[in-house]
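Beneath this line is the structure, given in structure tokens, with notes to follow.
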Amino acid sequence: MLDCSKQFDPDRAFGWIDLKPRKTVLLAVSGGSDSTALLIVFKNWADRIHPALRTVCVTVDHGLRQQSAAEARQVGALCMRLGIEHQTKRWTGKKPETGLAEVAREARYALLAEAAREIGSDIILTGHTADDQAETVLMRSARGSGRGLAGMARVTLYGGNTWIARPLLAERRESLRRVLQDEDMSWIDDPTNFDEGYERVQARRQIEADPDKISLVETAVRHGIARTELAQLSATLLEAGAKQVSPGLSQLNLSLLDTGDAVADVWRVLLACTGGRAHLANRHDVARLIERLGKGRSCLSGTVATKRRDSVYLHRELRKDHRLRFCNGLFDGRYRISPAAAAAGWRLVQRDPDVELQYESVPDAPDDIVKAAMLAEPLLDRNEATEPQMAKEEPNIQRYLAPFDHFLPEFDLALANAAANLYGRKKYPAPPVNDQFKPEF
């Protein structure tokens, strides 16, 4: 069990984060005890270790409580006393009636990433603690989530370009509050943290009633190591067993019809990327799909898998009653164009199935499968009613990897890079980790 009595060590908390090549770092601070402690201890540590580093504190005002604007100003006043830049980002617009916590989380990270880009930073530090990690694992275990038992990763890539780092995952909330008390610092208690209508608060109450449950943090460490190793093995199998043979069409070796978690994860990633799905199918459904391939064809996650002789082919499922949508620069969860191009009227549209398709035959790939794959591929179009805002040349179309391009935990980086290579994408950026340090999570 994590020891609440151990003294907080800032070098242990922050030393593993590679800040040397970075000029600016963003701290996400709500004003609660965890993020306020992050602000205090990081400033003291950075002043000593990285005195030239620019630190910017950002508070997200979700606008869900009357007190939120005043609380953001309170954080700003603290930052002024400490000599730290502060910004408030406000979540505006209509709030959903259901799933509010998840939507608010999405909005929060989007606003933080926006702020990071504006200040020229690619890293956000958050105040997630060992208590948060234990709560996360407890909630996921209640859902029977295998991969999810790894909990939160120490670093997660957001949007393909901004790292979310969690330096306090090995620290207990009680220890951090003692640091604040020693500094004569107060914090804000969000009333939603006491509302037992929220799943996380229910998990917190369970841990308070049974302190041994904090050992779920060690469970997360073990599962995180196992998930990383499995992702590395799956990446090797993917690189050896799959290739793109024509637009929208992947060819798999029959070696990938084997059993085992690593092979299953290769399938889960390929199915999700092909079908434009952010969530991976479960391994049981993948096993059933592979079994059905004995009859030649099967579908899962919006993907058609067809076995012919010595290969399996994957392409996007396309039904007569199913339209592939283009929204916010993203087509069907598979292709994207830049916001500037979308604003200038460029868009991706579905092919007209009634128009004769022109395509080239592919060696070793059946023509009917090549044609089926091409029918699901988008065409570039431009809304002529939109005022021109960019050069006349067509914008680049980039392959979007739905399981990885939004949130990519460090655990899955090797597998994500293998998928990026398959689809002709650049590798994801290396995590901001100083390997000379071994953090305790």
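Identifiers for the structure tokens are assigned positionally: chains receive A, B, ... in sequence, residues are indexed from 1 per chain, and ligands are indexed from 1 in the order shown.
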message: as a PyMOL selection string, please: the residues near Gln7 (chain A) (cut-off 10 Å, only C-alpha atoms, same-chain neighbours under 6 positions excluded).
response: chain A and resi 171+175-176+178-179
query: Quick one: distance from CA of Asp11 (chain A) to CA of Leu168 (chain A) in Å, one decimal?
result: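 Pair CA of Asp11 (chain A) / CA of Leu168 (chain A) returns 11.3 Å.
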field: Selection: 12 Å around Leu230 (chain A), only C-alpha atoms, excl. self and same-chain fewer than 2 positions, as a list in words
entry: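 The residues that qualify are Arg147, His223, Gly224, Ile225, Ala226, Arg227, Thr228, Gln232, Leu233, Ser234, Ala235, Thr236, Leu237, Gly260, Asp261, Ala262, Val263, Ala264, Asp265, Val266, Phe411, Asp412, Leu413, Ala414 and Leu415 of chain A.
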Those same residues - C-alpha atoms - I'd like them written as a compact mmCIF listing (two decimals), in the first residue's frame.
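Contents of out_37.txt, as written:
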# COMPACT_ATOMS: atom_id res chain seq x y z
CA ARG A 147 -7.16 -2.86 -20.63
CA HIS A 223 -1.55 -3.82 -15.66
CA GLY A 224 0.19 -0.83 -17.22
CA ILE A 225 3.40 -2.80 -17.63
CA ALA A 226 1.51 -5.77 -19.08
CA ARG A 227 -0.46 -3.53 -21.46
CA THR A 228 2.75 -1.88 -22.71
CA GLN A 232 4.83 -3.96 -28.29
CA LEU A 233 4.19 -7.59 -29.24
CA SER A 234 1.05 -6.65 -31.17
CA ALA A 235 2.99 -3.95 -33.01
CA THR A 236 5.53 -6.52 -34.18
CA LEU A 237 2.75 -8.82 -35.41
CA GLY A 260 -3.96 -15.02 -28.36
CA ASP A 261 -4.37 -11.53 -26.93
CA ALA A 262 -1.62 -9.98 -29.08
CA VAL A 263 -3.21 -11.18 -32.34
CA ALA A 264 -6.65 -10.14 -31.07
CA ASP A 265 -5.36 -6.64 -30.36
CA VAL A 266 -3.96 -6.38 -33.89
CA PHE A 411 0.91 2.19 -22.92
CA ASP A 412 -0.28 1.92 -26.53
CA LEU A 413 2.35 4.03 -28.30
CA ALA A 414 4.20 1.14 -30.01
CA LEU A 415 0.98 -0.28 -31.45
- prompt: Near Gln133 (chain A), within 12 Å and counting only C-alpha atoms, which residues show up once chain neighbours fewer than 6 positions away are dropped, as an MDAnalysis selection string?
  reply: chainID A and resid 2 127 139:140 148:154 166 168:173 200 203:204 207 213:221 224 441
message: I'd like the contact shell of region 325-331 of chain A - 10 Å cut-off, only C-alpha atoms, skipping same-chain residues fewer than 5 positions apart - returned as a ChimeraX atom specification.
response: /A:276,336-343,346-350,377-378,397-400
- prompt: Can you list every residue in region 78-314 of chain A that DSSP puts in strand (DSSP E or B), as a ChimeraX atom specification?
  reply: /A:85-90,123-125,155-158,162-165,242-246,249-253,297-300,303-308,311-314
Per-residue nearest contacts of region 103-146 of chain A to region 33-42 of chain A (12 Å; only C-alpha atoms) as CSV:
residue,atom,partner,partner_atom,distance
A:Ile124,CA,A:Leu38,CA,11.8
A:Leu125,CA,A:Leu38,CA,8.3
A:Thr126,CA,A:Ser35,CA,6.8
A:Gly127,CA,A:Ser35,CA,4.5
A:His128,CA,A:Asp34,CA,7.0
A:Thr129,CA,A:Asp34,CA,7.2
A:Ala130,CA,A:Asp34,CA,10.5
A:Asp131,CA,A:Asp34,CA,10.2
A:Asp132,CA,A:Asp34,CA,9.9
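Every protein, DNA or RNA residue with an atom at most 12 Å from Gly32 (chain A), where only C-alpha atoms count and chain neighbours fewer than 6 positions away do not, is listed here: A:Leu38, A:Leu39, A:Thr59, A:Ser68, A:Glu71, A:Ala72, A:Gln74, A:Val75, A:Thr126, A:Gly127, A:His128, A:Arg173, A:Leu176, A:Arg177, A:Leu180, A:Met185, A:Ser186, A:Trp187, A:Ile188, A:Asp189, A:Asp190, A:Pro191, A:Thr192, A:Asn193.
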Output of the above residues as a compact mmCIF listing (two decimals), in the first residue's frame, restricted to N, CA, C and O atoms:
# COMPACT_ATOMS: atom_id res chain seq x y z
N LEU A 38 -0.13 20.98 -6.94
CA LEU A 38 0.70 20.91 -8.14
C LEU A 38 1.31 22.26 -8.45
O LEU A 38 2.52 22.36 -8.74
N LEU A 39 0.51 23.31 -8.38
CA LEU A 39 0.99 24.66 -8.66
C LEU A 39 2.12 25.06 -7.72
O LEU A 39 3.17 25.54 -8.15
N THR A 59 -7.02 27.84 -15.85
CA THR A 59 -8.21 27.35 -15.16
C THR A 59 -9.36 27.27 -16.16
O THR A 59 -9.60 28.24 -16.88
N SER A 68 -18.27 29.31 -10.10
CA SER A 68 -17.09 28.90 -10.88
C SER A 68 -16.25 30.08 -11.35
O SER A 68 -15.02 30.02 -11.34
N GLU A 71 -14.24 31.36 -8.49
CA GLU A 71 -13.17 30.42 -8.15
C GLU A 71 -12.01 30.56 -9.13
O GLU A 71 -10.84 30.48 -8.73
N ALA A 72 -12.31 30.78 -10.40
CA ALA A 72 -11.24 30.99 -11.38
C ALA A 72 -10.47 32.27 -11.05
O ALA A 72 -9.23 32.31 -11.16
N GLN A 74 -10.10 33.46 -8.10
CA GLN A 74 -9.33 33.15 -6.91
C GLN A 74 -8.00 32.48 -7.28
O GLN A 74 -6.95 32.79 -6.70
N VAL A 75 -8.06 31.56 -8.24
CA VAL A 75 -6.82 30.93 -8.71
C VAL A 75 -5.92 31.99 -9.35
O VAL A 75 -4.70 32.00 -9.14
N THR A 126 -1.18 17.92 -15.05
CA THR A 126 -2.42 17.88 -14.27
C THR A 126 -2.13 17.35 -12.87
O THR A 126 -1.08 16.76 -12.62
N GLY A 127 -3.09 17.54 -11.96
CA GLY A 127 -2.89 17.18 -10.56
C GLY A 127 -3.46 15.84 -10.17
O GLY A 127 -3.76 15.63 -8.99
N HIS A 128 -3.65 14.92 -11.11
CA HIS A 128 -4.19 13.60 -10.77
C HIS A 128 -3.28 12.89 -9.77
O HIS A 128 -2.06 12.84 -9.95
N ARG A 173 -3.40 12.11 -1.82
CA ARG A 173 -4.03 13.43 -1.64
C ARG A 173 -3.74 13.97 -0.24
O ARG A 173 -3.47 15.17 -0.06
N LEU A 176 -0.35 15.60 -0.10
CA LEU A 176 -0.31 16.88 -0.78
C LEU A 176 -1.00 17.97 0.03
O LEU A 176 -0.56 19.13 0.05
N ARG A 177 -2.07 17.60 0.72
CA ARG A 177 -2.74 18.60 1.56
C ARG A 177 -1.86 19.01 2.73
O ARG A 177 -1.92 20.17 3.18
N LEU A 180 0.30 21.74 1.47
CA LEU A 180 -0.41 23.01 1.42
C LEU A 180 -0.57 23.61 2.82
O LEU A 180 -0.42 24.83 3.01
N MET A 185 -1.52 27.39 2.84
CA MET A 185 -2.31 27.59 1.63
C MET A 185 -3.68 26.92 1.78
O MET A 185 -3.78 25.81 2.29
N SER A 186 -4.72 27.60 1.32
CA SER A 186 -6.05 27.01 1.32
C SER A 186 -6.37 26.51 -0.08
O SER A 186 -5.63 26.73 -1.04
N TRP A 187 -7.52 25.84 -0.22
CA TRP A 187 -7.95 25.35 -1.52
C TRP A 187 -9.47 25.40 -1.60
O TRP A 187 -10.15 25.62 -0.59
N ILE A 188 -9.99 25.17 -2.78
CA ILE A 188 -11.42 25.22 -3.04
C ILE A 188 -11.98 23.80 -3.02
O ILE A 188 -11.42 22.90 -3.64
N ASP A 189 -13.08 23.60 -2.31
CA ASP A 189 -13.76 22.31 -2.32
C ASP A 189 -14.97 22.40 -3.24
O ASP A 189 -15.96 23.07 -2.93
N ASP A 190 -14.87 21.73 -4.38
CA ASP A 190 -15.98 21.70 -5.34
C ASP A 190 -17.10 20.84 -4.75
O ASP A 190 -16.87 19.67 -4.42
N PRO A 191 -18.31 21.36 -4.63
CA PRO A 191 -19.40 20.58 -4.03
C PRO A 191 -19.74 19.31 -4.81
O PRO A 191 -20.28 18.36 -4.24
N THR A 192 -19.42 19.26 -6.10
CA THR A 192 -19.69 18.03 -6.86
C THR A 192 -18.83 16.88 -6.38
O THR A 192 -19.16 15.70 -6.63
N ASN A 193 -17.72 17.18 -5.69
CA ASN A 193 -16.87 16.12 -5.15
C ASN A 193 -17.53 15.40 -3.97
O ASN A 193 -16.99 14.40 -3.47
task: Find the residue from A:Thr259, A:Arg319, A:Arg73, A:Gln251 that sits nearest to Ala305 (chain A); use only C-alpha atoms when measuring.
output: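 Among the listed residues, A:Gln251 lies closest to Ala305 (chain A).
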task: Please provide the set of residues having any atom within 10 Å of region 102-119 of chain A, restricted to only C-alpha atoms, with same-chain residues fewer than 6 positions apart removed, written as a PyMOL selection string.
output: chain A and resi 23-28+54-62+64+87-92+95-96+158-159+161-164
Keeping N, CA and C atoms, export the residues of the selection given above as a PDB file, in the first residue's frame.
ATOM      1  N   LYS A  23      10.359  25.336 -23.633  1.00  0.00           N
ATOM      2  CA  LYS A  23      10.462  26.683 -23.096  1.00  0.00           C
ATOM      3  C   LYS A  23       9.269  27.048 -22.225  1.00  0.00           C
ATOM      4  N   THR A  24       8.142  26.366 -22.443  1.00  0.00           N
ATOM      5  CA  THR A  24       6.903  26.721 -21.750  1.00  0.00           C
ATOM      6  C   THR A  24       6.170  25.459 -21.328  1.00  0.00           C
ATOM      7  N   VAL A  25       5.556  25.501 -20.167  1.00  0.00           N
ATOM      8  CA  VAL A  25       4.733  24.391 -19.695  1.00  0.00           C
ATOM      9  C   VAL A  25       3.420  24.955 -19.171  1.00  0.00           C
ATOM     10  N   LEU A  26       2.351  24.209 -19.362  1.00  0.00           N
ATOM     11  CA  LEU A  26       1.031  24.636 -18.898  1.00  0.00           C
ATOM     12  C   LEU A  26       0.623  23.785 -17.706  1.00  0.00           C
ATOM     13  N   LEU A  27       0.144  24.429 -16.655  1.00  0.00           N
ATOM     14  CA  LEU A  27      -0.404  23.730 -15.499  1.00  0.00           C
ATOM     15  C   LEU A  27      -1.921  23.891 -15.500  1.00  0.00           C
ATOM     16  N   ALA A  28      -2.638  22.769 -15.385  1.00  0.00           N
ATOM     17  CA  ALA A  28      -4.095  22.814 -15.286  1.00  0.00           C
ATOM     18  C   ALA A  28      -4.462  22.919 -13.809  1.00  0.00           C
ATOM     19  N   ARG A  54       9.140  28.931 -18.699  1.00  0.00           N
ATOM     20  CA  ARG A  54       7.937  29.752 -18.538  1.00  0.00           C
ATOM     21  C   ARG A  54       6.790  28.844 -18.113  1.00  0.00           C
ATOM     22  N   THR A  55       6.156  29.174 -17.003  1.00  0.00           N
ATOM     23  CA  THR A  55       5.030  28.396 -16.499  1.00  0.00           C
ATOM     24  C   THR A  55       3.755  29.216 -16.612  1.00  0.00           C
ATOM     25  N   VAL A  56       2.753  28.631 -17.250  1.00  0.00           N
ATOM     26  CA  VAL A  56       1.465  29.300 -17.412  1.00  0.00           C
ATOM     27  C   VAL A  56       0.389  28.415 -16.777  1.00  0.00           C
ATOM     28  N   CYS A  57      -0.385  29.002 -15.900  1.00  0.00           N
ATOM     29  CA  CYS A  57      -1.465  28.290 -15.225  1.00  0.00           C
ATOM     30  C   CYS A  57      -2.780  28.596 -15.951  1.00  0.00           C
ATOM     31  N   VAL A  58      -3.572  27.550 -16.217  1.00  0.00           N
ATOM     32  CA  VAL A  58      -4.860  27.722 -16.900  1.00  0.00           C
ATOM     33  C   VAL A  58      -5.966  27.090 -16.059  1.00  0.00           C
ATOM     34  N   THR A  59      -7.020  27.839 -15.851  1.00  0.00           N
ATOM     35  CA  THR A  59      -8.207  27.348 -15.163  1.00  0.00           C
ATOM     36  C   THR A  59      -9.356  27.274 -16.157  1.00  0.00           C
ATOM     37  N   VAL A  60     -10.019  26.150 -16.198  1.00  0.00           N
ATOM     38  CA  VAL A  60     -11.179  25.996 -17.076  1.00  0.00           C
ATOM     39  C   VAL A  60     -12.444  26.257 -16.256  1.00  0.00           C
ATOM     40  N   ASP A  61     -13.188  27.248 -16.681  1.00  0.00           N
ATOM     41  CA  ASP A  61     -14.477  27.570 -16.052  1.00  0.00           C
ATOM     42  C   ASP A  61     -15.559  26.896 -16.888  1.00  0.00           C
ATOM     43  N   HIS A  62     -16.147  25.818 -16.336  1.00  0.00           N
ATOM     44  CA  HIS A  62     -17.158  25.081 -17.080  1.00  0.00           C
ATOM     45  C   HIS A  62     -18.510  25.790 -17.107  1.00  0.00           C
ATOM     46  N   LEU A  64     -20.817  25.690 -14.908  1.00  0.00           N
ATOM     47  CA  LEU A  64     -21.870  24.803 -14.424  1.00  0.00           C
ATOM     48  C   LEU A  64     -22.368  25.195 -13.038  1.00  0.00           C
ATOM     49  N   GLN A  87      -4.440  32.176 -16.965  1.00  0.00           N
ATOM     50  CA  GLN A  87      -5.507  32.379 -17.933  1.00  0.00           C
ATOM     51  C   GLN A  87      -6.739  31.594 -17.490  1.00  0.00           C
ATOM     52  N   THR A  88      -7.905  32.106 -17.838  1.00  0.00           N
ATOM     53  CA  THR A  88      -9.153  31.368 -17.641  1.00  0.00           C
ATOM     54  C   THR A  88      -9.750  31.059 -18.999  1.00  0.00           C
ATOM     55  N   LYS A  89     -10.058  29.797 -19.219  1.00  0.00           N
ATOM     56  CA  LYS A  89     -10.738  29.365 -20.440  1.00  0.00           C
ATOM     57  C   LYS A  89     -12.164  28.986 -20.068  1.00  0.00           C
ATOM     58  N   ARG A  90     -13.124  29.522 -20.781  1.00  0.00           N
ATOM     59  CA  ARG A  90     -14.532  29.285 -20.437  1.00  0.00           C
ATOM     60  C   ARG A  90     -15.193  28.349 -21.440  1.00  0.00           C
ATOM     61  N   TRP A  91     -15.911  27.383 -20.890  1.00  0.00           N
ATOM     62  CA  TRP A  91     -16.702  26.466 -21.718  1.00  0.00           C
ATOM     63  C   TRP A  91     -18.067  27.115 -21.937  1.00  0.00           C
ATOM     64  N   THR A  92     -18.295  27.550 -23.151  1.00  0.00           N
ATOM     65  CA  THR A  92     -19.532  28.252 -23.472  1.00  0.00           C
ATOM     66  C   THR A  92     -20.448  27.348 -24.287  1.00  0.00           C
ATOM     67  N   LYS A  95     -25.204  23.187 -22.616  1.00  0.00           N
ATOM     68  CA  LYS A  95     -24.687  22.004 -21.924  1.00  0.00           C
ATOM     69  C   LYS A  95     -25.668  20.837 -22.095  1.00  0.00           C
ATOM     70  N   PRO A  96     -25.158  19.641 -22.240  1.00  0.00           N
ATOM     71  CA  PRO A  96     -26.039  18.486 -22.453  1.00  0.00           C
ATOM     72  C   PRO A  96     -26.817  18.132 -21.191  1.00  0.00           C
ATOM     73  N   TYR A 158      -2.735  13.922 -26.502  1.00  0.00           N
ATOM     74  CA  TYR A 158      -4.065  14.420 -26.840  1.00  0.00           C
ATOM     75  C   TYR A 158      -4.029  15.080 -28.214  1.00  0.00           C
ATOM     76  N   GLY A 159      -4.935  14.667 -29.096  1.00  0.00           N
ATOM     77  CA  GLY A 159      -5.039  15.300 -30.403  1.00  0.00           C
ATOM     78  C   GLY A 159      -3.824  15.133 -31.277  1.00  0.00           C
ATOM     79  N   ASN A 161      -0.781  15.873 -30.682  1.00  0.00           N
ATOM     80  CA  ASN A 161       0.306  16.852 -30.579  1.00  0.00           C
ATOM     81  C   ASN A 161       0.517  17.456 -29.188  1.00  0.00           C
ATOM     82  N   THR A 162      -0.312  17.144 -28.221  1.00  0.00           N
ATOM     83  CA  THR A 162      -0.182  17.756 -26.894  1.00  0.00           C
ATOM     84  C   THR A 162      -0.143  16.662 -25.838  1.00  0.00           C
ATOM     85  N   TRP A 163       0.895  16.662 -25.013  1.00  0.00           N
ATOM     86  CA  TRP A 163       1.045  15.646 -23.973  1.00  0.00           C
ATOM     87  C   TRP A 163       0.385  16.098 -22.678  1.00  0.00           C
ATOM     88  N   ILE A 164      -0.382  15.197 -22.102  1.00  0.00           N
ATOM     89  CA  ILE A 164      -0.939  15.397 -20.766  1.00  0.00           C
ATOM     90  C   ILE A 164      -0.090  14.559 -19.814  1.00  0.00           C
TER      91      ILE A 164
END
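Between CA of Pro211 (chain A) and CA of Phe194 (chain A) the interatomic distance comes to 18.0 Å.
Minimum distance to Pro409 (chain A) across A:Pro431, A:Gly83, A:Gly296, A:Gly63 (counting only C-alpha atoms) occurs at A:Pro431.
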message: Nearest residue to Ile17 (chain A) out of A:Val155, A:Asp182, A:Arg323, A:Pro403, using only C-alpha atoms?
response: A:Val155
task: Could you pull out the residues in region 56-263 of chain A that DSSP calls helix (DSSP H, G or I) from the backbone, as number ranges by chain?
output: A: 68-82, 100-118, 130-142, 147-150, 173-182, 191-194, 199-209, 211-241, 254-257, 261-263
message: So, with only C-alpha atoms as the atoms that count, which of A:Ile123, A:Leu254, A:Ala70, A:Val137 lies closest to Leu238 (chain A)?
response: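 Under the stated criterion, the closest residue is A:Leu254.
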task: Tell me, in Å to one decimal, how far CA of Tyr198 (chain A) is from CA of Arg143 (chain A).
output: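 The value is 15.4 Å.
Of the listed residues A:Gly333, A:His406, A:Glu135, A:Pro167, the one whose atoms come nearest to Pro10 (chain A) is A:Pro167, with distances taken using only C-alpha atoms.
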Determine, using only C-alpha atoms, which residues of region 199-292 of chain A have any atom at most 12 Å from an atom of region 354-363 of chain A, and tabulate each with its shortest atom pair and distance in Å to one decimal place, rows ordered by chain and then rising number, as JSON lines.
{"residue": "A:Gln244", "atom": "CA", "partner": "A:Val362", "partner_atom": "CA", "distance": 10.8}
{"residue": "A:Val245", "atom": "CA", "partner": "A:Val362", "partner_atom": "CA", "distance": 7.1}
{"residue": "A:Ser246", "atom": "CA", "partner": "A:Val362", "partner_atom": "CA", "distance": 7.1}
{"residue": "A:Pro247", "atom": "CA", "partner": "A:Tyr359", "partner_atom": "CA", "distance": 10.0}
{"residue": "A:Leu249", "atom": "CA", "partner": "A:Val362", "partner_atom": "CA", "distance": 10.3}
{"residue": "A:Ser250", "atom": "CA", "partner": "A:Val362", "partner_atom": "CA", "distance": 11.7}
{"residue": "A:Gln251", "atom": "CA", "partner": "A:Val362", "partner_atom": "CA", "distance": 11.2}
Output N, CA, C and O atoms of each residue in that selection to a file, as a compact mmCIF listing (two decimals), in the first residue's frame.
# COMPACT_ATOMS: atom_id res chain seq x y z
N GLN A 244 -1.11 -2.28 -46.70
CA GLN A 244 -2.14 -1.62 -47.51
C GLN A 244 -1.86 -1.93 -48.98
O GLN A 244 -0.75 -1.72 -49.48
N VAL A 245 -2.85 -2.46 -49.69
CA VAL A 245 -2.63 -2.85 -51.08
C VAL A 245 -3.34 -1.92 -52.06
O VAL A 245 -3.01 -1.90 -53.24
N SER A 246 -4.31 -1.14 -51.57
CA SER A 246 -4.97 -0.14 -52.39
C SER A 246 -5.72 0.78 -51.43
O SER A 246 -5.85 0.47 -50.24
N PRO A 247 -6.22 1.93 -51.91
CA PRO A 247 -6.91 2.85 -50.99
C PRO A 247 -8.03 2.16 -50.23
O PRO A 247 -8.94 1.57 -50.80
N LEU A 249 -7.94 -0.50 -48.44
CA LEU A 249 -7.92 -1.96 -48.43
C LEU A 249 -6.64 -2.48 -47.79
O LEU A 249 -5.54 -2.17 -48.25
N SER A 250 -6.79 -3.27 -46.72
CA SER A 250 -5.65 -3.89 -46.05
C SER A 250 -5.65 -5.39 -46.35
O SER A 250 -6.71 -6.02 -46.42
N GLN A 251 -4.45 -5.93 -46.50
CA GLN A 251 -4.28 -7.36 -46.72
C GLN A 251 -3.54 -7.95 -45.53
O GLN A 251 -2.50 -7.45 -45.12
